[in-house]
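Engineer: This is the structure, below, for whatever I ask next.
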Amino acid sequence: MDDFYTPSTKGAGGDVLRLQLPICDKIVTSEVAGDFSLPDYQPEIKRLLRVSATVQPPTHYVGGGSAEFSGTVDFCMIYAGSDGKMYCFPTSSDYVFRVPLEASPDFDLNDGLVCYALCESESVISRVSGPRRMSVKCRLKARVKAYGSYLLEEKRRGKSLEGCGEERLWKEAQTAISSHAQGEPFVVSDEILLDREAGMADDWRIVSGDAQVMVNEALCGNGRINCRGEVVLKLMLQREGEAQEPTCVWRKLPFNHEMKADGATVGGEAAVSGVCTELNLALEEGRVLCEAEIVTEACCQQTETLAYTADWYATGCESSCDVSEVTLPHALRCVNGNVTQSEAKSLEELGIAPDAHVVDVAGQATLDTVSQDRGRYVMSGNCRYTLILVSSDGEMSTKEIELPWRYVADGAAAGEAPLHYEGQAQVLSAKARMDGKRLAIDAELGVCARLWTEKTILVATALTHGERRERTAGEMLLCYPSREDTLWSVGKRYGCEIDRLVAKNRLNDEKRADDIASLSDVRVMGI
């Protein structure tokens with residue numbers, strides 16, 4: 001039996017049906033570790049209070065059947081010095097991991113390959129190994145995604161018979177096209193004037209600085225994404241001279257940035273996150289000069305209409321059609337939002353002494369589940385807050401608290417199909433206060449997520465030609481359609497041209513051939 005290929009006019013008119021389908025969707029964990037020494041100008045470590053980790057977006061290289069991702073993790077170590085004051089030691093470590101891309105031969109990896117990784121730190125373990133040395137281990141979690149062009153070619157089997165035509169049943173389906181983009185760095189700057197009347201002037205020093213990026217709105221169009229948001233800046237200041245508790249100063253620096261994204265089109269959506277890659281702070285003459293370098297990262301999706309052959313038969317000869325199941329992604333929405341969290345718990349329940357008070361608090365959030373509830377998307381996860389406490393005798397200690405969070409967004413219904421998502425959550429700001437015998441935490445969280453579902457279609461992939469249908473001269477063939485019959489099913493059963501059946505039986509050709517209404521009033525028809 002001979003196999004041969006013929007052009008198809010499916011989709012955009014090429015000889016194949018080109019689909020964007022997933023190649024890889026894996027969770028990869030790795031470890032970043034390092035031993036660090038304090039610079040000579042900083043005092044020795046009395047107590048390590050907190051170590052936070054910020055994962056910079058990775059660069060990637062694809063080749064040799066795998067993808068390699070590399071980047072840096074920035075650590076911010078807050079410790080109590082031998083002089084009773086608080087200090088910050090910023091440093092960084094490199095990370096690298098490799099993921100195999102196992103694709104079938106039907107994928108074209110040279111055209112339209114989309115590959116990226118969404119990285120976050122799961123946990124940080126640290127210890128002091130000497131008066132001026134500390135070691136850190138960070139567990140890194142990355143969700144690696146890859147999409148490629150899947151080429152579905154039509155195949156004919158059997159002998160090519162002269163005089164045998166073909167009929168196709170065309171259908172359309174909605175499919176989501178995904179892309180990823182990383183923007184060029186841009187700078188947000190501001191000048192913070194300190195309150196001289198409150199003593200916040202030249203006798204203060206900067207302990208640490210932190211910048212979180214919130215994208216409130218992302219508009220796609222013409223290969224660009226216009227991002228509007230703000231940088232939430234937190235400064236910890238402490239007075240020189242006597243050991244006094246630090247003071248936190250907050251500022252929100254708005255920005256409007258346009259990033260290049262080849263997959264961003266009018267009507268598409270993007271889930272955009274941002275990270276501060278470098279924060280420069282300078283204290284002079286009662287003011288703090290702030291300069292934050294920001295990099296944005298976008299996961300885009302848009303809906304396209306796909307035309308495909310749902311069924312296929314030959315006219316004038318016996319034939320059979322092979323179909324394949326193809327699972328297509330279906331875009332729901334992209335979310336860029338924020339939510340506030342306010343919780344209060346008793347000091348006794350948390351194991352905090354009544355005479356202690358909070359110096360500082362920092363948080364880390366995870367996005368754990370996304371579900372549907374009465375037509376809305378419910379996103380939830382946990383926040384781990386690390387508190388720095390000071391007792392009545394001046395001793396510093398830390399306490400970790402976990403609190404759940406929840407965010408609700410409107411959007412298109414996913415139906416009964418499983419809901420898929422990717423994204424991240426972050427704590428933009430967190431404040432804690434003692435309220436009698438209770439500890440109250442007020443925080444603002446940012447949520448960034450892309451939501452989609454999947455639908456399965458049947459695509460005709462091969463047509464097998466059989467023996468010719470022979471009819472004698474003057475033969476008349478009548479068909480009595482059943483209630484389940486359509487114009488298409490009758491034409492396929494007898495190997496007839498659809499147009500000839502319509503003309504011979506004076507049928508209404510405005511209805512689809514596979515519509516049950518195409519033969520609703522027909523009791524008998526000539527073949």
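Residue numbers start at 1 in each chain; chains themselves are named A, B, ... in the order of the structure tokens; ligands are numbered from 1 in the order shown.
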Do you know which residues are at most 7 Å from region 139-148 of chain A counting only C-alpha atoms, after dropping those on the same chain fewer than 4 positions away, and could you put them as a list in words?
Structural biologist: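 In the requested format, the answer is Gln20, Leu21, Pro22, Ile23, Cys24, Asp25, Lys26, Ile27, Val28, Thr29, Ser30, Glu31, Val32, Phe107, Asp108, Leu109, Gly112, Leu113, Val114, Cys115, Tyr116, Ala117, Leu118, Cys119, Glu120, Ser121, Glu122, Ser123 and Val124 of chain A.
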Engineer: Any chance you can output those residues with N, CA, C and O atoms as a JSON list (two decimals), in the first residue's frame?
Structural biologist:
```json
[["chain", "number", "residue", "atom", "x", "y", "z"],
["A", 20, "GLN", "N", 0.45, 25.30, 18.28],
["A", 20, "GLN", "CA", 1.37, 25.51, 19.40],
["A", 20, "GLN", "C", 0.92, 24.62, 20.55],
["A", 20, "GLN", "O", -0.17, 24.80, 21.10],
["A", 21, "LEU", "N", 1.76, 23.65, 20.89],
["A", 21, "LEU", "CA", 1.43, 22.69, 21.94],
["A", 21, "LEU", "C", 2.59, 22.63, 22.94],
["A", 21, "LEU", "O", 3.74, 22.93, 22.60],
["A", 22, "PRO", "N", 2.29, 22.25, 24.19],
["A", 22, "PRO", "CA", 3.36, 22.20, 25.20],
["A", 22, "PRO", "C", 4.33, 21.05, 24.97],
["A", 22, "PRO", "O", 3.94, 19.95, 24.57],
["A", 23, "ILE", "N", 5.60, 21.33, 25.19],
["A", 23, "ILE", "CA", 6.66, 20.32, 25.12],
["A", 23, "ILE", "C", 7.09, 19.92, 26.52],
["A", 23, "ILE", "O", 7.36, 18.76, 26.80],
["A", 24, "CYS", "N", 7.15, 20.91, 27.40],
["A", 24, "CYS", "CA", 7.69, 20.66, 28.75],
["A", 24, "CYS", "C", 6.90, 21.49, 29.76],
["A", 24, "CYS", "O", 6.60, 22.66, 29.53],
["A", 25, "ASP", "N", 6.56, 20.86, 30.87],
["A", 25, "ASP", "CA", 5.97, 21.55, 32.02],
["A", 25, "ASP", "C", 6.43, 20.80, 33.27],
["A", 25, "ASP", "O", 5.81, 19.84, 33.69],
["A", 26, "LYS", "N", 7.55, 21.25, 33.83],
["A", 26, "LYS", "CA", 8.18, 20.54, 34.93],
["A", 26, "LYS", "C", 8.49, 21.49, 36.09],
["A", 26, "LYS", "O", 8.77, 22.66, 35.89],
["A", 27, "ILE", "N", 8.43, 20.93, 37.28],
["A", 27, "ILE", "CA", 8.90, 21.62, 38.48],
["A", 27, "ILE", "C", 10.30, 21.12, 38.79],
["A", 27, "ILE", "O", 10.51, 19.91, 38.97],
["A", 28, "VAL", "N", 11.25, 22.02, 38.82],
["A", 28, "VAL", "CA", 12.65, 21.67, 39.06],
["A", 28, "VAL", "C", 13.11, 22.35, 40.35],
["A", 28, "VAL", "O", 12.87, 23.55, 40.55],
["A", 29, "THR", "N", 13.72, 21.60, 41.22],
["A", 29, "THR", "CA", 14.27, 22.16, 42.45],
["A", 29, "THR", "C", 15.79, 22.04, 42.43],
["A", 29, "THR", "O", 16.34, 21.08, 41.91],
["A", 30, "SER", "N", 16.43, 23.03, 42.99],
["A", 30, "SER", "CA", 17.89, 23.03, 43.08],
["A", 30, "SER", "C", 18.29, 23.78, 44.35],
["A", 30, "SER", "O", 17.44, 24.34, 45.05],
["A", 31, "GLU", "N", 19.57, 23.76, 44.64],
["A", 31, "GLU", "CA", 20.06, 24.40, 45.87],
["A", 31, "GLU", "C", 21.17, 25.38, 45.54],
["A", 31, "GLU", "O", 22.07, 25.08, 44.75],
["A", 32, "VAL", "N", 21.06, 26.55, 46.14],
["A", 32, "VAL", "CA", 22.10, 27.57, 46.02],
["A", 32, "VAL", "C", 22.73, 27.74, 47.41],
["A", 32, "VAL", "O", 22.02, 27.97, 48.39],
["A", 107, "PHE", "N", 7.38, 17.91, 16.20],
["A", 107, "PHE", "CA", 7.60, 19.27, 16.66],
["A", 107, "PHE", "C", 8.73, 19.92, 15.86],
["A", 107, "PHE", "O", 9.76, 19.29, 15.60],
["A", 108, "ASP", "N", 8.51, 21.16, 15.48],
["A", 108, "ASP", "CA", 9.54, 21.95, 14.81],
["A", 108, "ASP", "C", 10.18, 22.87, 15.85],
["A", 108, "ASP", "O", 9.61, 23.90, 16.21],
["A", 109, "LEU", "N", 11.35, 22.49, 16.35],
["A", 109, "LEU", "CA", 12.01, 23.26, 17.40],
["A", 109, "LEU", "C", 12.83, 24.42, 16.86],
["A", 109, "LEU", "O", 13.40, 25.19, 17.63],
["A", 112, "GLY", "N", 9.43, 29.11, 16.29],
["A", 112, "GLY", "CA", 8.35, 29.33, 17.25],
["A", 112, "GLY", "C", 8.53, 28.69, 18.60],
["A", 112, "GLY", "O", 7.55, 28.53, 19.34],
["A", 113, "LEU", "N", 9.76, 28.31, 18.99],
["A", 113, "LEU", "CA", 9.98, 27.71, 20.30],
["A", 113, "LEU", "C", 9.88, 28.78, 21.39],
["A", 113, "LEU", "O", 10.51, 29.83, 21.30],
["A", 114, "VAL", "N", 9.08, 28.50, 22.41],
["A", 114, "VAL", "CA", 8.93, 29.38, 23.57],
["A", 114, "VAL", "C", 9.40, 28.59, 24.79],
["A", 114, "VAL", "O", 8.89, 27.50, 25.07],
["A", 115, "CYS", "N", 10.38, 29.12, 25.50],
["A", 115, "CYS", "CA", 10.94, 28.40, 26.65],
["A", 115, "CYS", "C", 11.27, 29.42, 27.75],
["A", 115, "CYS", "O", 11.89, 30.45, 27.49],
["A", 116, "TYR", "N", 10.83, 29.14, 28.97],
["A", 116, "TYR", "CA", 11.10, 30.05, 30.09],
["A", 116, "TYR", "C", 10.95, 29.30, 31.40],
["A", 116, "TYR", "O", 10.45, 28.16, 31.45],
["A", 117, "ALA", "N", 11.38, 29.92, 32.48],
["A", 117, "ALA", "CA", 11.27, 29.34, 33.82],
["A", 117, "ALA", "C", 10.86, 30.43, 34.79],
["A", 117, "ALA", "O", 11.42, 31.53, 34.78],
["A", 118, "LEU", "N", 9.87, 30.12, 35.61],
["A", 118, "LEU", "CA", 9.44, 31.02, 36.69],
["A", 118, "LEU", "C", 10.06, 30.52, 37.98],
["A", 118, "LEU", "O", 9.72, 29.43, 38.47],
["A", 119, "CYS", "N", 10.99, 31.30, 38.54],
["A", 119, "CYS", "CA", 11.79, 30.85, 39.68],
["A", 119, "CYS", "C", 11.40, 31.60, 40.95],
["A", 119, "CYS", "O", 11.09, 32.79, 40.91],
["A", 120, "GLU", "N", 11.45, 30.89, 42.07],
["A", 120, "GLU", "CA", 11.22, 31.50, 43.37],
["A", 120, "GLU", "C", 11.96, 30.70, 44.43],
["A", 120, "GLU", "O", 12.25, 29.52, 44.24],
["A", 121, "SER", "N", 12.24, 31.36, 45.55],
["A", 121, "SER", "CA", 12.92, 30.68, 46.65],
["A", 121, "SER", "C", 11.87, 30.05, 47.56],
["A", 121, "SER", "O", 10.89, 30.70, 47.93],
["A", 122, "GLU", "N", 12.08, 28.78, 47.90],
["A", 122, "GLU", "CA", 11.15, 28.09, 48.79],
["A", 122, "GLU", "C", 11.53, 28.28, 50.25],
["A", 122, "GLU", "O", 10.68, 28.50, 51.10],
["A", 123, "SER", "N", 12.81, 28.16, 50.56],
["A", 123, "SER", "CA", 13.26, 28.29, 51.95],
["A", 123, "SER", "C", 14.72, 28.71, 51.97],
["A", 123, "SER", "O", 15.46, 28.45, 51.03],
["A", 124, "VAL", "N", 15.09, 29.38, 53.05],
["A", 124, "VAL", "CA", 16.47, 29.82, 53.25],
["A", 124, "VAL", "C", 16.93, 29.35, 54.63],
["A", 124, "VAL", "O", 16.25, 29.61, 55.63]]
```
Engineer: Quick one: residues within 8 Å of region 352-364 of chain A, only C-alpha atoms counted, chain neighbours fewer than 4 positions away excluded, as a ChimeraX atom specification?
Structural biologist: /A:245-248,347-348,383-392,426-427,429-434,437
Engineer: Limited to C-alpha atoms, could you put the picked residues into a file as a PDB file, in the first residue's frame?
Structural biologist:
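This went into out-v4.pdb:
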```pdb
ATOM      1  CA  GLU A 245      15.713  50.718  67.728  1.00  0.00           C
ATOM      2  CA  PRO A 246      15.514  51.224  63.965  1.00  0.00           C
ATOM      3  CA  THR A 247      12.728  53.140  62.266  1.00  0.00           C
ATOM      4  CA  CYS A 248      11.095  52.037  59.003  1.00  0.00           C
ATOM      5  CA  LEU A 347       0.755  36.555  71.974  1.00  0.00           C
ATOM      6  CA  GLU A 348       0.306  33.422  74.067  1.00  0.00           C
ATOM      7  CA  CYS A 383       2.407  33.934  53.799  1.00  0.00           C
ATOM      8  CA  ARG A 384       5.389  33.304  56.040  1.00  0.00           C
ATOM      9  CA  TYR A 385       6.198  36.386  58.123  1.00  0.00           C
ATOM     10  CA  THR A 386       9.518  36.740  59.959  1.00  0.00           C
ATOM     11  CA  LEU A 387       9.367  39.119  62.928  1.00  0.00           C
ATOM     12  CA  ILE A 388      12.351  40.739  64.620  1.00  0.00           C
ATOM     13  CA  LEU A 389      11.478  41.246  68.307  1.00  0.00           C
ATOM     14  CA  VAL A 390      13.161  43.107  71.144  1.00  0.00           C
ATOM     15  CA  SER A 391      12.580  42.138  74.767  1.00  0.00           C
ATOM     16  CA  SER A 392      12.459  44.552  77.700  1.00  0.00           C
ATOM     17  CA  GLN A 426       4.658  38.366  46.789  1.00  0.00           C
ATOM     18  CA  VAL A 427       4.431  40.417  49.952  1.00  0.00           C
ATOM     19  CA  SER A 429       4.607  45.525  52.401  1.00  0.00           C
ATOM     20  CA  ALA A 430       4.079  44.226  55.922  1.00  0.00           C
ATOM     21  CA  LYS A 431       3.659  45.954  59.263  1.00  0.00           C
ATOM     22  CA  ALA A 432       3.162  44.428  62.698  1.00  0.00           C
ATOM     23  CA  ARG A 433       2.035  46.001  65.960  1.00  0.00           C
ATOM     24  CA  MET A 434       1.211  44.910  69.495  1.00  0.00           C
ATOM     25  CA  LYS A 437      -2.255  40.911  74.313  1.00  0.00           C
TER      26      LYS A 437
END
```
Engineer: What lies within 9 Å of Ala310 (chain A) using only C-alpha atoms, ignoring chain neighbours under 5 positions off, as a ChimeraX atom specification?
Structural biologist: /A:168-171,323,457-461
Engineer: From a DSSP calculation on the backbone, collect every residue of region 416-509 of chain A in strand (DSSP E) and output the set as a ChimeraX atom specification.
Structural biologist: /A:420-435,438-468,478-479
Engineer: Skipping near chain neighbours, those fewer than 6 positions away, what residues fall within 6 Å of Gly446 (chain A) using only C-alpha atoms, listed as a list in words?
Structural biologist: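 Non-adjacent residues within range: Gly337, Asn338, Ala425 and Gln426 of chain A.
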Engineer: Return as a list in words the full set of residues in region 376-492 of chain A whose backbone-based DSSP assignment is helix (DSSP H, G or I).
Structural biologist: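 Matching residues, listed in order: Leu487, Trp488, Ser489, Val490, Gly491 and Lys492 of chain A.
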Engineer: A:Pro43, A:Gly268, A:Gly165, A:Gly34: which is nearest Ile125 (chain A), counting only C-alpha atoms?
Structural biologist: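 Smallest distance to Ile125 (chain A) is found for A:Gly34.
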Engineer: Using only C-alpha atoms, pick whichever of A:Cys479, A:Ala314, A:Val213, A:Ile294 has the shortest atom-to-atom distance to Leu445 (chain A).
Structural biologist: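 Checking each of A:Cys479, A:Ala314, A:Val213, A:Ile294 against Leu445 (chain A), counting only C-alpha atoms, the winner is A:Val213.
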Engineer: Ranking A:Ala417, A:Val187, A:Val55, A:Val370 by minimum distance to Thr456 (chain A) and counting only C-alpha atoms, which one comes first?
Structural biologist: A:Ala417
Engineer: Restricting the calculation to only C-alpha atoms: of A:Ala331, A:Cys227, A:Ile206, A:Cys321, which residue gets closest to Cys290 (chain A)?
Structural biologist: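 Smallest separation from Cys290 (chain A) among the options: A:Ile206.
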